[in-house]
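Dropping query.txt in here (compact mmCIF, N, CA and C atoms):
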# COMPACT_ATOMS: atom_id res chain seq x y z
N MET L 21 -2.37 0.33 17.07
CA MET L 21 -2.21 1.65 16.51
C MET L 21 -3.23 1.81 15.37
N THR L 22 -4.09 2.79 15.47
CA THR L 22 -5.09 3.06 14.44
C THR L 22 -4.55 4.13 13.50
N LEU L 23 -4.17 3.71 12.30
CA LEU L 23 -3.61 4.62 11.30
C LEU L 23 -4.41 4.48 10.00
N PRO L 24 -4.40 5.53 9.16
CA PRO L 24 -4.95 5.36 7.82
C PRO L 24 -4.03 4.42 7.02
N PHE L 25 -4.45 4.08 5.83
CA PHE L 25 -3.67 3.20 4.95
C PHE L 25 -3.24 3.98 3.72
N PHE L 26 -2.02 3.71 3.26
CA PHE L 26 -1.57 4.22 1.97
C PHE L 26 -1.64 3.05 1.00
N VAL L 27 -2.44 3.21 -0.07
CA VAL L 27 -2.58 2.16 -1.07
C VAL L 27 -2.03 2.66 -2.40
N TYR L 28 -1.40 1.76 -3.17
CA TYR L 28 -0.71 2.21 -4.37
C TYR L 28 -0.94 1.31 -5.58
N GLY L 29 -1.73 0.27 -5.43
CA GLY L 29 -1.92 -0.67 -6.54
C GLY L 29 -3.37 -1.05 -6.73
N THR L 30 -3.66 -2.32 -6.52
CA THR L 30 -4.99 -2.86 -6.81
C THR L 30 -6.06 -2.41 -5.82
N LEU L 31 -5.69 -1.71 -4.75
CA LEU L 31 -6.66 -1.16 -3.79
C LEU L 31 -7.03 0.29 -4.08
N ARG L 32 -6.37 0.89 -5.05
CA ARG L 32 -6.69 2.29 -5.40
C ARG L 32 -8.08 2.38 -6.03
N PRO L 33 -8.74 3.52 -5.90
CA PRO L 33 -10.05 3.69 -6.55
C PRO L 33 -9.96 3.36 -8.04
N GLY L 34 -10.94 2.57 -8.51
CA GLY L 34 -10.97 2.16 -9.90
C GLY L 34 -10.22 0.88 -10.19
N GLU L 35 -9.43 0.40 -9.25
CA GLU L 35 -8.68 -0.84 -9.43
C GLU L 35 -9.48 -2.01 -8.84
N PRO L 36 -9.13 -3.26 -9.21
CA PRO L 36 -9.97 -4.42 -8.90
C PRO L 36 -10.33 -4.65 -7.43
N HIS L 37 -9.42 -4.43 -6.51
CA HIS L 37 -9.70 -4.74 -5.10
C HIS L 37 -10.37 -3.60 -4.34
N HIS L 38 -10.44 -2.42 -4.94
CA HIS L 38 -11.05 -1.29 -4.24
C HIS L 38 -12.51 -1.57 -3.90
N ALA L 39 -13.28 -1.99 -4.88
CA ALA L 39 -14.71 -2.22 -4.65
C ALA L 39 -14.93 -3.32 -3.61
N THR L 40 -14.16 -4.38 -3.69
CA THR L 40 -14.33 -5.52 -2.79
C THR L 40 -13.97 -5.18 -1.34
N PHE L 41 -12.89 -4.44 -1.14
CA PHE L 41 -12.38 -4.24 0.21
C PHE L 41 -12.67 -2.86 0.80
N LEU L 42 -12.75 -1.83 -0.02
CA LEU L 42 -12.82 -0.47 0.53
C LEU L 42 -14.15 0.24 0.34
N ARG L 43 -14.86 -0.05 -0.72
CA ARG L 43 -16.11 0.68 -0.98
C ARG L 43 -17.05 0.56 0.22
N GLY L 44 -17.52 1.72 0.68
CA GLY L 44 -18.44 1.78 1.81
C GLY L 44 -17.78 1.70 3.17
N ARG L 45 -16.46 1.53 3.22
CA ARG L 45 -15.74 1.41 4.49
C ARG L 45 -14.80 2.59 4.75
N THR L 46 -14.80 3.60 3.84
CA THR L 46 -13.84 4.68 3.99
C THR L 46 -14.51 6.01 4.34
N HIS L 47 -13.81 6.78 5.13
CA HIS L 47 -14.23 8.15 5.45
C HIS L 47 -13.69 9.10 4.39
N THR L 48 -12.39 8.95 4.07
CA THR L 48 -11.77 9.77 3.03
C THR L 48 -10.80 8.93 2.20
N GLU L 49 -10.61 9.36 0.96
CA GLU L 49 -9.63 8.78 0.04
C GLU L 49 -8.97 9.97 -0.66
N GLU L 50 -7.69 10.21 -0.34
CA GLU L 50 -7.01 11.41 -0.81
C GLU L 50 -5.71 11.04 -1.54
N PRO L 51 -5.41 11.70 -2.65
CA PRO L 51 -4.14 11.46 -3.34
C PRO L 51 -2.97 11.74 -2.39
N ALA L 52 -1.96 10.86 -2.45
CA ALA L 52 -0.80 11.00 -1.57
C ALA L 52 0.41 10.33 -2.22
N ARG L 53 1.57 10.55 -1.60
CA ARG L 53 2.82 9.97 -2.11
C ARG L 53 3.64 9.43 -0.95
N LEU L 54 4.26 8.29 -1.23
CA LEU L 54 5.20 7.67 -0.30
C LEU L 54 6.60 7.92 -0.84
N THR L 55 7.43 8.62 -0.08
CA THR L 55 8.81 8.84 -0.50
C THR L 55 9.68 7.74 0.07
N GLY L 56 10.80 7.50 -0.57
CA GLY L 56 11.72 6.48 -0.09
C GLY L 56 11.32 5.08 -0.48
N ALA L 57 10.61 4.94 -1.61
CA ALA L 57 10.22 3.62 -2.09
C ALA L 57 10.13 3.64 -3.62
N VAL L 58 10.42 2.50 -4.23
CA VAL L 58 10.31 2.29 -5.66
C VAL L 58 9.16 1.32 -5.89
N LEU L 59 8.32 1.60 -6.87
CA LEU L 59 7.22 0.70 -7.21
C LEU L 59 7.71 -0.30 -8.24
N HIS L 60 7.46 -1.59 -7.96
CA HIS L 60 7.82 -2.67 -8.89
C HIS L 60 6.57 -3.38 -9.35
N ASP L 61 6.60 -3.83 -10.60
CA ASP L 61 5.50 -4.59 -11.18
C ASP L 61 5.77 -6.07 -11.01
N GLY L 62 4.98 -6.67 -10.16
CA GLY L 62 4.87 -8.12 -10.10
C GLY L 62 5.92 -8.90 -9.39
N PRO L 63 5.70 -10.15 -9.58
CA PRO L 63 4.81 -10.77 -10.55
C PRO L 63 3.34 -10.69 -10.11
N GLY L 64 2.51 -10.22 -11.01
CA GLY L 64 1.07 -10.23 -10.81
C GLY L 64 0.48 -9.09 -10.02
N CYS L 65 1.28 -8.40 -9.25
CA CYS L 65 0.77 -7.31 -8.44
C CYS L 65 1.92 -6.35 -8.13
N PRO L 66 1.58 -5.15 -7.70
CA PRO L 66 2.65 -4.19 -7.41
C PRO L 66 3.26 -4.39 -6.03
N TYR L 67 4.51 -4.02 -5.93
CA TYR L 67 5.23 -4.04 -4.65
C TYR L 67 5.96 -2.72 -4.48
N ALA L 68 5.83 -2.10 -3.32
CA ALA L 68 6.66 -0.95 -2.97
C ALA L 68 7.90 -1.51 -2.29
N VAL L 69 9.06 -1.16 -2.83
CA VAL L 69 10.34 -1.60 -2.29
C VAL L 69 11.02 -0.38 -1.70
N GLU L 70 11.33 -0.44 -0.42
CA GLU L 70 11.91 0.72 0.24
C GLU L 70 13.32 1.00 -0.29
N GLU L 71 13.49 2.20 -0.84
CA GLU L 71 14.76 2.68 -1.38
C GLU L 71 14.75 4.19 -1.33
N PRO L 72 15.81 4.81 -0.86
CA PRO L 72 15.85 6.27 -0.82
C PRO L 72 15.80 6.88 -2.22
N GLY L 73 15.23 8.06 -2.27
CA GLY L 73 15.28 8.85 -3.49
C GLY L 73 14.16 8.62 -4.49
N SER L 74 13.22 7.75 -4.21
CA SER L 74 12.13 7.49 -5.15
C SER L 74 10.79 7.76 -4.49
N VAL L 75 9.73 7.77 -5.32
CA VAL L 75 8.39 8.09 -4.84
C VAL L 75 7.39 7.10 -5.43
N VAL L 76 6.42 6.70 -4.60
CA VAL L 76 5.31 5.86 -5.04
C VAL L 76 4.04 6.69 -4.93
N VAL L 77 3.24 6.69 -5.99
CA VAL L 77 1.99 7.45 -6.06
C VAL L 77 0.84 6.55 -5.59
N GLY L 78 -0.07 7.12 -4.80
CA GLY L 78 -1.22 6.34 -4.36
C GLY L 78 -2.26 7.20 -3.68
N GLU L 79 -3.03 6.57 -2.80
CA GLU L 79 -4.08 7.26 -2.04
C GLU L 79 -3.93 6.97 -0.56
N LEU L 80 -4.25 7.99 0.23
CA LEU L 80 -4.32 7.85 1.68
C LEU L 80 -5.78 7.54 2.01
N ILE L 81 -6.02 6.38 2.57
CA ILE L 81 -7.37 5.89 2.86
C ILE L 81 -7.60 5.97 4.37
N THR L 82 -8.59 6.73 4.77
CA THR L 82 -8.98 6.78 6.18
C THR L 82 -10.29 6.00 6.32
N PRO L 83 -10.24 4.84 6.98
CA PRO L 83 -11.44 4.02 7.12
C PRO L 83 -12.46 4.66 8.07
N LEU L 84 -13.71 4.27 7.91
CA LEU L 84 -14.73 4.63 8.88
C LEU L 84 -14.36 3.96 10.20
N PRO L 85 -14.53 4.66 11.33
CA PRO L 85 -14.11 4.08 12.61
C PRO L 85 -14.72 2.71 12.90
N ASP L 86 -15.99 2.52 12.59
CA ASP L 86 -16.62 1.24 12.92
C ASP L 86 -16.20 0.11 11.97
N ALA L 87 -15.51 0.44 10.88
CA ALA L 87 -15.06 -0.58 9.92
C ALA L 87 -13.57 -0.89 10.08
N TYR L 88 -12.87 -0.18 10.95
CA TYR L 88 -11.41 -0.25 10.99
C TYR L 88 -10.88 -1.66 11.28
N GLY L 89 -11.31 -2.27 12.35
CA GLY L 89 -10.78 -3.58 12.74
C GLY L 89 -11.02 -4.64 11.68
N GLU L 90 -12.22 -4.66 11.14
CA GLU L 90 -12.56 -5.62 10.10
C GLU L 90 -11.74 -5.37 8.84
N LEU L 91 -11.57 -4.10 8.49
CA LEU L 91 -10.80 -3.75 7.30
C LEU L 91 -9.32 -4.11 7.46
N LEU L 92 -8.75 -3.81 8.61
CA LEU L 92 -7.36 -4.16 8.87
C LEU L 92 -7.15 -5.66 8.71
N ALA L 93 -8.02 -6.46 9.28
CA ALA L 93 -7.90 -7.92 9.16
C ALA L 93 -8.06 -8.36 7.71
N ALA L 94 -9.00 -7.77 6.98
CA ALA L 94 -9.24 -8.14 5.58
C ALA L 94 -8.03 -7.79 4.71
N LEU L 95 -7.44 -6.62 4.95
CA LEU L 95 -6.27 -6.22 4.15
C LEU L 95 -5.05 -7.08 4.47
N ASP L 96 -4.88 -7.43 5.74
CA ASP L 96 -3.79 -8.34 6.11
C ASP L 96 -3.95 -9.68 5.39
N ARG L 97 -5.18 -10.19 5.31
CA ARG L 97 -5.43 -11.46 4.60
C ARG L 97 -5.16 -11.29 3.10
N LEU L 98 -5.65 -10.20 2.51
CA LEU L 98 -5.43 -9.95 1.09
C LEU L 98 -3.95 -9.94 0.76
N GLU L 99 -3.17 -9.26 1.57
CA GLU L 99 -1.73 -9.12 1.33
C GLU L 99 -0.94 -10.30 1.88
N GLU L 100 -1.65 -11.28 2.42
CA GLU L 100 -1.03 -12.48 3.00
C GLU L 100 0.04 -12.11 4.02
N TYR L 101 -0.31 -11.14 4.86
CA TYR L 101 0.60 -10.65 5.89
C TYR L 101 0.21 -11.22 7.25
N ALA L 102 1.18 -11.81 7.92
CA ALA L 102 1.01 -12.26 9.30
C ALA L 102 2.23 -11.76 10.07
N PRO L 103 2.02 -11.05 11.17
CA PRO L 103 3.16 -10.50 11.92
C PRO L 103 4.20 -11.57 12.23
N GLY L 104 5.46 -11.28 11.88
CA GLY L 104 6.58 -12.16 12.21
C GLY L 104 6.73 -13.39 11.34
N ASP L 105 5.89 -13.58 10.33
CA ASP L 105 5.97 -14.77 9.48
C ASP L 105 7.03 -14.56 8.40
N ALA L 106 8.04 -15.42 8.37
CA ALA L 106 9.12 -15.30 7.40
C ALA L 106 8.65 -15.54 5.96
N ARG L 107 7.46 -16.11 5.78
CA ARG L 107 6.93 -16.38 4.44
C ARG L 107 6.14 -15.21 3.86
N ASN L 108 6.01 -14.11 4.61
CA ASN L 108 5.26 -12.95 4.12
C ASN L 108 5.82 -12.46 2.79
N LEU L 109 4.89 -12.08 1.90
CA LEU L 109 5.29 -11.40 0.68
C LEU L 109 5.36 -9.90 0.92
N TYR L 110 4.52 -9.42 1.84
CA TYR L 110 4.47 -8.02 2.24
C TYR L 110 4.66 -7.91 3.74
N GLU L 111 5.16 -6.76 4.16
CA GLU L 111 5.20 -6.38 5.57
C GLU L 111 4.33 -5.14 5.72
N ARG L 112 3.52 -5.09 6.76
CA ARG L 112 2.73 -3.88 7.05
C ARG L 112 3.56 -3.03 7.99
N VAL L 113 3.94 -1.83 7.51
CA VAL L 113 4.80 -0.94 8.28
C VAL L 113 4.18 0.45 8.36
N ALA L 114 4.48 1.16 9.42
CA ALA L 114 4.02 2.55 9.57
C ALA L 114 5.07 3.45 8.93
N ARG L 115 4.62 4.29 7.98
CA ARG L 115 5.52 5.20 7.28
C ARG L 115 4.85 6.56 7.12
N GLU L 116 5.66 7.57 6.89
CA GLU L 116 5.16 8.92 6.63
C GLU L 116 4.82 9.03 5.14
N VAL L 117 3.62 9.51 4.84
CA VAL L 117 3.23 9.79 3.45
C VAL L 117 2.84 11.25 3.37
N VAL L 118 2.91 11.81 2.18
CA VAL L 118 2.59 13.22 1.98
C VAL L 118 1.27 13.31 1.22
N ARG L 119 0.32 13.99 1.83
CA ARG L 119 -0.98 14.21 1.21
C ARG L 119 -0.83 15.28 0.14
N ASP L 120 -1.29 15.01 -1.07
CA ASP L 120 -1.12 15.94 -2.19
C ASP L 120 -1.90 17.24 -2.01
N THR L 121 -3.08 17.18 -1.41
CA THR L 121 -3.94 18.36 -1.33
C THR L 121 -3.33 19.50 -0.55
N ASP L 122 -2.60 19.19 0.53
CA ASP L 122 -2.06 20.26 1.37
C ASP L 122 -0.60 20.09 1.76
N GLY L 123 0.05 19.01 1.27
CA GLY L 123 1.45 18.79 1.59
C GLY L 123 1.70 18.29 3.00
N ALA L 124 0.64 17.99 3.74
CA ALA L 124 0.79 17.51 5.11
C ALA L 124 1.39 16.11 5.13
N THR L 125 2.23 15.85 6.11
CA THR L 125 2.80 14.53 6.32
C THR L 125 1.91 13.77 7.30
N VAL L 126 1.53 12.55 6.91
CA VAL L 126 0.61 11.73 7.70
C VAL L 126 1.23 10.36 7.88
N ARG L 127 1.20 9.86 9.10
CA ARG L 127 1.68 8.49 9.37
C ARG L 127 0.58 7.53 8.95
N ALA L 128 0.96 6.49 8.18
CA ALA L 128 -0.03 5.55 7.66
C ALA L 128 0.57 4.14 7.58
N TRP L 129 -0.33 3.15 7.56
CA TRP L 129 0.10 1.78 7.28
C TRP L 129 0.37 1.66 5.79
N VAL L 130 1.46 0.98 5.46
CA VAL L 130 1.82 0.70 4.06
C VAL L 130 2.26 -0.75 4.00
N TYR L 131 1.78 -1.46 2.99
CA TYR L 131 2.25 -2.82 2.74
C TYR L 131 3.42 -2.71 1.76
N VAL L 132 4.62 -3.01 2.25
CA VAL L 132 5.83 -2.95 1.43
C VAL L 132 6.33 -4.38 1.20
N ALA L 133 7.16 -4.55 0.19
CA ALA L 133 7.72 -5.87 -0.09
C ALA L 133 8.51 -6.36 1.11
N ALA L 134 8.26 -7.62 1.50
CA ALA L 134 9.02 -8.24 2.58
C ALA L 134 10.49 -8.35 2.15
N PRO L 135 11.42 -8.47 3.11
CA PRO L 135 12.85 -8.43 2.76
C PRO L 135 13.29 -9.37 1.64
N ALA L 136 12.87 -10.63 1.64
CA ALA L 136 13.30 -11.56 0.59
C ALA L 136 12.73 -11.16 -0.77
N VAL L 137 11.49 -10.72 -0.79
CA VAL L 137 10.86 -10.26 -2.04
C VAL L 137 11.55 -9.00 -2.52
N ALA L 138 11.82 -8.07 -1.61
CA ALA L 138 12.49 -6.82 -1.97
C ALA L 138 13.86 -7.09 -2.59
N ALA L 139 14.60 -8.03 -2.02
CA ALA L 139 15.93 -8.36 -2.55
C ALA L 139 15.82 -8.90 -3.98
N ARG L 140 14.84 -9.78 -4.23
CA ARG L 140 14.65 -10.31 -5.60
C ARG L 140 14.27 -9.20 -6.57
N LEU L 141 13.37 -8.31 -6.15
CA LEU L 141 12.93 -7.23 -7.03
C LEU L 141 14.05 -6.24 -7.31
N ARG L 142 14.86 -5.95 -6.30
CA ARG L 142 16.00 -5.05 -6.54
C ARG L 142 16.96 -5.65 -7.56
N ALA L 143 17.15 -6.98 -7.50
CA ALA L 143 18.09 -7.65 -8.40
C ALA L 143 17.54 -7.85 -9.80
N ARG L 144 16.24 -8.22 -9.91
CA ARG L 144 15.71 -8.60 -11.22
C ARG L 144 14.34 -8.01 -11.54
N GLY L 145 13.87 -7.09 -10.71
CA GLY L 145 12.52 -6.57 -10.87
C GLY L 145 12.38 -5.53 -11.96
N GLU L 146 11.13 -5.20 -12.24
CA GLU L 146 10.78 -4.18 -13.23
C GLU L 146 10.18 -2.97 -12.51
N PRO L 147 10.97 -1.92 -12.29
CA PRO L 147 10.40 -0.72 -11.67
C PRO L 147 9.33 -0.10 -12.57
N VAL L 148 8.31 0.46 -11.96
CA VAL L 148 7.25 1.15 -12.69
C VAL L 148 7.68 2.61 -12.84
N GLU L 149 7.85 3.04 -14.05
CA GLU L 149 8.28 4.41 -14.35
C GLU L 149 7.37 5.42 -13.66
N GLY L 150 7.94 6.35 -12.93
CA GLY L 150 7.17 7.40 -12.27
C GLY L 150 6.47 6.97 -10.99
N GLY L 151 6.56 5.67 -10.64
CA GLY L 151 5.99 5.18 -9.38
C GLY L 151 4.48 5.16 -9.33
N ASP L 152 3.81 5.21 -10.49
CA ASP L 152 2.34 5.25 -10.51
C ASP L 152 1.81 4.00 -11.21
N TRP L 153 1.15 3.12 -10.44
CA TRP L 153 0.62 1.86 -10.95
C TRP L 153 -0.33 2.09 -12.12
N ARG L 154 -1.13 3.14 -12.06
CA ARG L 154 -2.09 3.41 -13.13
C ARG L 154 -1.42 3.83 -14.43
N ALA L 155 -0.24 4.38 -14.35
CA ALA L 155 0.45 4.91 -15.54
C ALA L 155 1.41 3.90 -16.17
N ARG L 156 1.43 2.69 -15.62
CA ARG L 156 2.38 1.70 -16.15
C ARG L 156 2.03 1.35 -17.60
N GLY L 157 3.04 0.90 -18.33
CA GLY L 157 2.86 0.63 -19.76
C GLY L 157 2.31 -0.67 -20.08
Encoded form (structure tokens):
Amino acid sequence: MTLPFFVYGTLRPGEPHHATFLRGRTHTEEPARLTGAVLHDGPGCPYAVEEPGSVVVGELITPLPDAYGELLAALDRLEEYAPGDARNLYERVAREVVRDTDGATVRAWVYVAAPAVAARLRARGEPVEGGDWRARG
């Protein structure tokens, strides 16, 4: 399935991983929001934890067609995601995100906290106020 990506942390424009992984590989980068998730800080990186009633702020990234396969593999490695691996910190899931420019709903890949990580964050995590990684204190 070829979908755009919703990024909400270190892959956003201006953040550390954007230049390494996305610069020169994207067709568009548009402000967007993921509903039904809470943004948590850390440890060391942000995690979107699926929960009703909250919003995570980020960007909808549409890769260049010729860069898609390489980018998907690179992002899976960055997020240490392997399909079906119980040790995953993140799961790559297809979710609906809302593009800020026109309110359109777009299906996109999102790396969310894997179940064990999500359970720990729900119990002892630090939610990021307003769901925006850039606005954290």
Would you list the contacts of L:Leu80 as a VMD selection string, taking every protein, DNA or RNA residue within 5 Å and counting only N, CA and C atoms, but skipping same-chain residues closer than 5 positions in sequence? chain L and resid 25 to 26 49 to 52
task: Give me the residues within 10 Å of L:Met21 as a list of chain:residue names, counting only C-alpha atoms and dropping any in the same chain fewer than 2 places off.
output: L:Leu23, L:Pro24, L:Ala114, L:Ala128, L:Trp129
Checklist entry - chain L: which residues are alpha helix (DSSP H) by DSSP, as number ranges by chain? => result L: 36-41, 88-98, 135-144
For L:Thr55, the closest of L:Thr82, L:Thr125, L:Thr40, L:Asn108 counting only C-alpha atoms is L:Thr125
L:Asp86 proximity check over L:Gly44, L:Gly56, L:Pro135, L:Pro103, using only C-alpha atoms: winner is L:Gly44
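Of the listed residues (L:Ala136, L:Arg112, L:Glu35, L:Val27), L:Arg112 comes nearest to L:Asp96; the distances count only C-alpha atoms.
Using all atoms listed in the file, the nearest neighbour of L:Cys65 within the list L:Leu141, L:Asp120, L:Val148, L:Thr30 is L:Thr30.
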**Request:** Please identify all polymer residues within 9 Å of stretch 57-63 of chain L, counting only C-alpha atoms, omitting same-chain residues fewer than 6 positions from it, and present them as number ranges by chain.
**Result:** L: 28, 69-77, 132, 141-142, 145-153, 156
Written selection (N, CA and C atoms) as a PDB file, keeping the file's coordinate frame:
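Saved as selection_31.pdb:
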ATOM      1  N   TYR L  28      -1.400   1.760  -3.170  1.00  0.00           N
ATOM      2  CA  TYR L  28      -0.710   2.210  -4.370  1.00  0.00           C
ATOM      3  C   TYR L  28      -0.940   1.310  -5.580  1.00  0.00           C
ATOM      4  N   VAL L  69       9.060  -1.160  -2.830  1.00  0.00           N
ATOM      5  CA  VAL L  69      10.340  -1.600  -2.290  1.00  0.00           C
ATOM      6  C   VAL L  69      11.020  -0.380  -1.700  1.00  0.00           C
ATOM      7  N   GLU L  70      11.330  -0.440  -0.420  1.00  0.00           N
ATOM      8  CA  GLU L  70      11.910   0.720   0.240  1.00  0.00           C
ATOM      9  C   GLU L  70      13.320   1.000  -0.290  1.00  0.00           C
ATOM     10  N   GLU L  71      13.490   2.200  -0.840  1.00  0.00           N
ATOM     11  CA  GLU L  71      14.760   2.680  -1.380  1.00  0.00           C
ATOM     12  C   GLU L  71      14.750   4.190  -1.330  1.00  0.00           C
ATOM     13  N   PRO L  72      15.810   4.810  -0.860  1.00  0.00           N
ATOM     14  CA  PRO L  72      15.850   6.270  -0.820  1.00  0.00           C
ATOM     15  C   PRO L  72      15.800   6.880  -2.220  1.00  0.00           C
ATOM     16  N   GLY L  73      15.230   8.060  -2.270  1.00  0.00           N
ATOM     17  CA  GLY L  73      15.280   8.850  -3.490  1.00  0.00           C
ATOM     18  C   GLY L  73      14.160   8.620  -4.490  1.00  0.00           C
ATOM     19  N   SER L  74      13.220   7.750  -4.210  1.00  0.00           N
ATOM     20  CA  SER L  74      12.130   7.490  -5.150  1.00  0.00           C
ATOM     21  C   SER L  74      10.790   7.760  -4.490  1.00  0.00           C
ATOM     22  N   VAL L  75       9.730   7.770  -5.320  1.00  0.00           N
ATOM     23  CA  VAL L  75       8.390   8.090  -4.840  1.00  0.00           C
ATOM     24  C   VAL L  75       7.390   7.100  -5.430  1.00  0.00           C
ATOM     25  N   VAL L  76       6.420   6.700  -4.600  1.00  0.00           N
ATOM     26  CA  VAL L  76       5.310   5.860  -5.040  1.00  0.00           C
ATOM     27  C   VAL L  76       4.040   6.690  -4.930  1.00  0.00           C
ATOM     28  N   VAL L  77       3.240   6.690  -5.990  1.00  0.00           N
ATOM     29  CA  VAL L  77       1.990   7.450  -6.060  1.00  0.00           C
ATOM     30  C   VAL L  77       0.840   6.550  -5.590  1.00  0.00           C
ATOM     31  N   VAL L 132       4.620  -3.010   2.250  1.00  0.00           N
ATOM     32  CA  VAL L 132       5.830  -2.950   1.430  1.00  0.00           C
ATOM     33  C   VAL L 132       6.330  -4.380   1.200  1.00  0.00           C
ATOM     34  N   LEU L 141      13.370  -8.310  -6.150  1.00  0.00           N
ATOM     35  CA  LEU L 141      12.930  -7.230  -7.030  1.00  0.00           C
ATOM     36  C   LEU L 141      14.050  -6.240  -7.310  1.00  0.00           C
ATOM     37  N   ARG L 142      14.860  -5.950  -6.300  1.00  0.00           N
ATOM     38  CA  ARG L 142      16.000  -5.050  -6.540  1.00  0.00           C
ATOM     39  C   ARG L 142      16.960  -5.650  -7.560  1.00  0.00           C
ATOM     40  N   GLY L 145      13.870  -7.090 -10.710  1.00  0.00           N
ATOM     41  CA  GLY L 145      12.520  -6.570 -10.870  1.00  0.00           C
ATOM     42  C   GLY L 145      12.380  -5.530 -11.960  1.00  0.00           C
ATOM     43  N   GLU L 146      11.130  -5.200 -12.240  1.00  0.00           N
ATOM     44  CA  GLU L 146      10.780  -4.180 -13.230  1.00  0.00           C
ATOM     45  C   GLU L 146      10.180  -2.970 -12.510  1.00  0.00           C
ATOM     46  N   PRO L 147      10.970  -1.920 -12.290  1.00  0.00           N
ATOM     47  CA  PRO L 147      10.400  -0.720 -11.670  1.00  0.00           C
ATOM     48  C   PRO L 147       9.330  -0.100 -12.570  1.00  0.00           C
ATOM     49  N   VAL L 148       8.310   0.460 -11.960  1.00  0.00           N
ATOM     50  CA  VAL L 148       7.250   1.150 -12.690  1.00  0.00           C
ATOM     51  C   VAL L 148       7.680   2.610 -12.840  1.00  0.00           C
ATOM     52  N   GLU L 149       7.850   3.040 -14.050  1.00  0.00           N
ATOM     53  CA  GLU L 149       8.280   4.410 -14.350  1.00  0.00           C
ATOM     54  C   GLU L 149       7.370   5.420 -13.660  1.00  0.00           C
ATOM     55  N   GLY L 150       7.940   6.350 -12.930  1.00  0.00           N
ATOM     56  CA  GLY L 150       7.170   7.400 -12.270  1.00  0.00           C
ATOM     57  C   GLY L 150       6.470   6.970 -10.990  1.00  0.00           C
ATOM     58  N   GLY L 151       6.560   5.670 -10.640  1.00  0.00           N
ATOM     59  CA  GLY L 151       5.990   5.180  -9.380  1.00  0.00           C
ATOM     60  C   GLY L 151       4.480   5.160  -9.330  1.00  0.00           C
ATOM     61  N   ASP L 152       3.810   5.210 -10.490  1.00  0.00           N
ATOM     62  CA  ASP L 152       2.340   5.250 -10.510  1.00  0.00           C
ATOM     63  C   ASP L 152       1.810   4.000 -11.210  1.00  0.00           C
ATOM     64  N   TRP L 153       1.150   3.120 -10.440  1.00  0.00           N
ATOM     65  CA  TRP L 153       0.620   1.860 -10.950  1.00  0.00           C
ATOM     66  C   TRP L 153      -0.330   2.090 -12.120  1.00  0.00           C
ATOM     67  N   ARG L 156       1.430   2.690 -15.620  1.00  0.00           N
ATOM     68  CA  ARG L 156       2.380   1.700 -16.150  1.00  0.00           C
ATOM     69  C   ARG L 156       2.030   1.350 -17.600  1.00  0.00           C
TER      70      ARG L 156
END
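Proximity of L:Gly78, L:Arg53, L:Thr46, L:Glu111 to L:Pro33, computed with only N, CA and C atoms, is greatest for L:Gly78.
Across the model, the gap from atom CA of L:Arg45 to atom CA of L:Leu95 is 12.2 Å.
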From atom C of L:Arg119 to atom CA of L:Glu99 the spacing works out at 24.4 Å
Please indicate the distance in Å from atom CA of L:Thr121 to atom C of L:Pro85, rounded to one decimal place.
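Taking atom CA of L:Thr121 as the start and atom C of L:Pro85 as the end point, the length is 23.7 Å.
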Query raised in the report: Running DSSP on the backbone, which parts of chain L land in strand (DSSP E or B), as a ChimeraX atom specification?
Result: /L:25-27,46-61,66-83,110-119,125-133,147
Just stretch 75-93 of chain L from the block, C-alpha atoms, as a PDB file, in the first residue's frame, could you?
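Done, and the output landed in out-v2.pdb:
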ATOM      1  CA  VAL L  75      -5.015  15.322  18.708  1.00  0.00           C
ATOM      2  CA  VAL L  76      -1.387  15.111  17.572  1.00  0.00           C
ATOM      3  CA  VAL L  77       0.016  17.954  15.439  1.00  0.00           C
ATOM      4  CA  GLY L  78       2.385  17.166  12.580  1.00  0.00           C
ATOM      5  CA  GLU L  79       2.933  17.113   8.826  1.00  0.00           C
ATOM      6  CA  LEU L  80       1.570  14.971   6.035  1.00  0.00           C
ATOM      7  CA  ILE L  81       4.570  13.956   3.918  1.00  0.00           C
ATOM      8  CA  THR L  82       4.024  12.756   0.356  1.00  0.00           C
ATOM      9  CA  PRO L  83       7.265  11.202  -0.921  1.00  0.00           C
ATOM     10  CA  LEU L  84       8.487  11.476  -4.486  1.00  0.00           C
ATOM     11  CA  PRO L  85       7.333   8.320  -6.304  1.00  0.00           C
ATOM     12  CA  ASP L  86      10.852   7.174  -7.171  1.00  0.00           C
ATOM     13  CA  ALA L  87      11.976   7.584  -3.527  1.00  0.00           C
ATOM     14  CA  TYR L  88       9.028   5.796  -1.893  1.00  0.00           C
ATOM     15  CA  GLY L  89      10.381   2.265  -1.427  1.00  0.00           C
ATOM     16  CA  GLU L  90      13.760   3.428  -0.169  1.00  0.00           C
ATOM     17  CA  LEU L  91      12.145   5.954   2.166  1.00  0.00           C
ATOM     18  CA  LEU L  92       9.687   3.426   3.596  1.00  0.00           C
ATOM     19  CA  ALA L  93      12.550   1.037   4.381  1.00  0.00           C
TER      20      ALA L  93
END
